[in-house]
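Participant: Structure below; questions to follow.
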Amino acid sequence: MAESIRETLVQYPSNKVTMRAYVAAPQTKERRPAIIVIQEWFGLSEHIKDITNRYAAEGYVAIAPDLYSRLGNALTTDSGEAVKLMNTLKQEDGLADLNATVAYLKTVPEVDAKRIGVTGFCMGGSYALMLPCVNADIKAAAPFYGQVPNPDTPLQKLAGPVLYIYGEDDGWITKADVQRLAAALKKYNKPGEIKTYPGAPHAFFRDNDPSVYRPEAAKDAWARTKAFFKQHLGS
């Protein structure tokens, strides 16, 4: 049975930036594992908030940081503008803000700081793959169709298992990238799985966009991701 949840907006520091984030959590005060949900290039959208709510209903303290906090909390539905925003955000700044998010979670009484995971979509999938390479507090990562580091050397420091979700007809992430990821996981002896969905385009999990949404693939990906986090973080 899904748990009733509470939703809040929080703020916390990241160097000289004030981060804003959306938090959804079970009503209970018991200590729970936490999941960071990282946005697509559009910003902290209602779609991302909905996914955050879904994790909270499964028993997690879920947080969606606004990675455009340092860009004035920008939010757009225009892909051209979204590309500009994504390219304006330096990766080192994005990772610093995500590290600050982890630090914030460790101050929340309801969070079990030893059980923190991350997921993300598109741009967020790229960060969800990189964050456990720079932060050992991340115990499990489920990136959806994110960029694979090239060169792959950061993957040597993966802190936990990875479930990488990919659509076979992705026009942004190439099959060669995914093959590189599989090879790197094997080379560095890192636990991981890549799940590829035939006929699914980039962003197939985005259920508010009929042009890309693929219900069957999205349903399966959600079930797999829930099982993955339950295995490695509990619930």
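Each chain of the structure tokens is named A, B, ... in the order shown, its residues numbered from 1; ligands are numbered from 1 in display order.
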Could you list, as number ranges by chain, every residue within 12 Å of Leu131 of chain A, counting only C-alpha atoms and ignoring same-chain residues fewer than 3 positions away?
Facilitator: A: 36-38, 91-102, 116-120, 124-128, 134-143, 149, 154-155, 157-160, 162
Participant: Give the strand (DSSP E or B) residues of chain A, as DSSP finds them on the backbone, and put them as a PyMOL selection string.
Facilitator: chain A and resi 5-14+17-26+32-38+61-65+111-121+138-144+162-169+192-201
Participant: Identify, on the basis of only C-alpha atoms, every residue whose closest approach to Arg54 of chain A does not exceed 10 Å; exclude the query and any residue fewer than 4 positions from it along the same chain; express the result as a tab-separated table (two decimals) with N, CA and C atoms, in the first residue's frame.
Facilitator:
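Result file follows (selection16.tsv):
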chain	number	residue	atom	x	y	z
A	2	ALA	N	0.58	2.20	-0.87
A	2	ALA	CA	1.35	3.43	-0.94
A	2	ALA	C	1.17	4.24	0.34
A	3	GLU	N	2.25	4.84	0.80
A	3	GLU	CA	2.20	5.64	2.02
A	3	GLU	C	1.71	7.04	1.71
A	5	ILE	N	2.02	10.98	1.95
A	5	ILE	CA	3.27	11.74	1.91
A	5	ILE	C	3.03	13.20	2.26
A	24	ALA	N	9.67	15.22	-0.93
A	24	ALA	CA	8.47	14.45	-0.62
A	24	ALA	C	8.90	13.30	0.27
A	25	ALA	N	8.15	13.08	1.34
A	25	ALA	CA	8.55	12.06	2.31
A	25	ALA	C	7.32	11.44	2.95
A	48	ILE	N	9.11	15.95	-12.74
A	48	ILE	CA	10.14	15.50	-11.81
A	48	ILE	C	9.57	15.47	-10.39
A	49	LYS	N	8.75	16.46	-10.05
A	49	LYS	CA	8.12	16.45	-8.72
A	49	LYS	C	7.22	15.22	-8.57
A	50	ASP	N	6.52	14.85	-9.64
A	50	ASP	CA	5.65	13.68	-9.60
A	50	ASP	C	6.46	12.41	-9.34
A	58	GLU	N	6.61	5.13	-1.94
A	58	GLU	CA	7.23	3.81	-1.76
A	58	GLU	C	8.00	3.71	-0.45
A	59	GLY	N	8.04	4.83	0.31
A	59	GLY	CA	8.68	4.78	1.62
A	59	GLY	C	10.01	5.48	1.74
A	60	TYR	N	10.43	6.19	0.69
A	60	TYR	CA	11.71	6.89	0.71
A	60	TYR	C	11.52	8.37	1.03
A	62	ALA	N	12.43	11.48	-0.52
A	62	ALA	CA	12.87	11.79	-1.89
A	62	ALA	C	13.08	13.29	-2.05
A	222	TRP	N	10.11	1.39	-14.27
A	222	TRP	CA	9.74	1.79	-12.91
A	222	TRP	C	9.79	0.59	-11.97
Participant: Have a look at atom CA of Met123 of chain A and atom CA of Thr225 of chain A and let me know their distance in Å, one decimal.
Facilitator: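 About the pair atom CA of Met123 of chain A and atom CA of Thr225 of chain A: they are 18.0 Å apart.
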Participant: From the list A:Leu129, A:Glu46, A:Ala203, A:Val10, which residue is nearest Tyr22 of chain A when using only C-alpha atoms?
Facilitator: A:Val10
Participant: Just want the 10 Å neighbourhood of segment 209-220 of chain A, counted on only C-alpha atoms, with same-chain residues fewer than 4 positions away dropped. Output as a PyMOL selection string.
Facilitator: chain A and resi 47+165-167+196-205+224-226
Participant: How would the residues just picked look written out with C-alpha atoms as a tab-separated table (two decimals), in the first residue's frame?
Facilitator:
chain	number	residue	atom	x	y	z
A	47	HIS	CA	7.03	15.75	-13.98
A	165	ILE	CA	18.09	2.46	-18.27
A	166	TYR	CA	18.27	3.01	-22.04
A	167	GLY	CA	15.96	3.19	-25.04
A	196	THR	CA	17.71	-1.63	-23.04
A	197	TYR	CA	14.15	-1.19	-24.30
A	198	PRO	CA	13.63	-1.98	-28.01
A	199	GLY	CA	11.87	0.78	-29.93
A	200	ALA	CA	12.01	3.26	-27.05
A	201	PRO	CA	13.26	6.80	-27.79
A	202	HIS	CA	15.16	9.18	-25.57
A	203	ALA	CA	13.03	10.35	-22.61
A	204	PHE	CA	10.57	7.46	-22.96
A	205	PHE	CA	9.79	7.71	-19.22
A	224	ARG	CA	12.94	-2.58	-12.14
A	225	THR	CA	14.14	0.62	-10.55
A	226	LYS	CA	11.96	0.12	-7.48
Participant: Just want the 10 Å neighbourhood of Tyr68 of chain A, counted on only C-alpha atoms, with same-chain residues fewer than 3 positions away dropped. Output as a list in words.
Facilitator: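 Returned residues: Met19, Arg20, Gln39, Trp41, Phe42, Gly43, Leu44, Pro65, Leu71, Gly72, Asn73, Ala74, Leu75, Leu85, Met86, Thr88, Leu89, Gly94 and Asp97 of chain A.
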Participant: Could you tell me how far atom CA of Thr8 of chain A lies from atom CA of Arg31 of chain A, in Å and to one decimal?
Facilitator: 17.5 Å
Participant: Go through A:Ala182, A:Ile51, A:Leu105, A:Val23 one by one, measure the shortest atom-to-atom distance of each to Arg206 of chain A using only C-alpha atoms, and give the residue with the smallest value.
Facilitator: A:Ile51
Participant: Just how far from atom CA of Asp78 of chain A is atom CA of Glu7 of chain A, in Å to one decimal?
Facilitator: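 Separation of atom CA of Glu7 of chain A and atom CA of Asp78 of chain A: 26.7 Å.
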Participant: Considering only C-alpha atoms, can you say which of A:Asp112, A:Glu40, A:Asp170, A:Asp152 comes closest to Gly234 of chain A?
Facilitator: A:Asp112
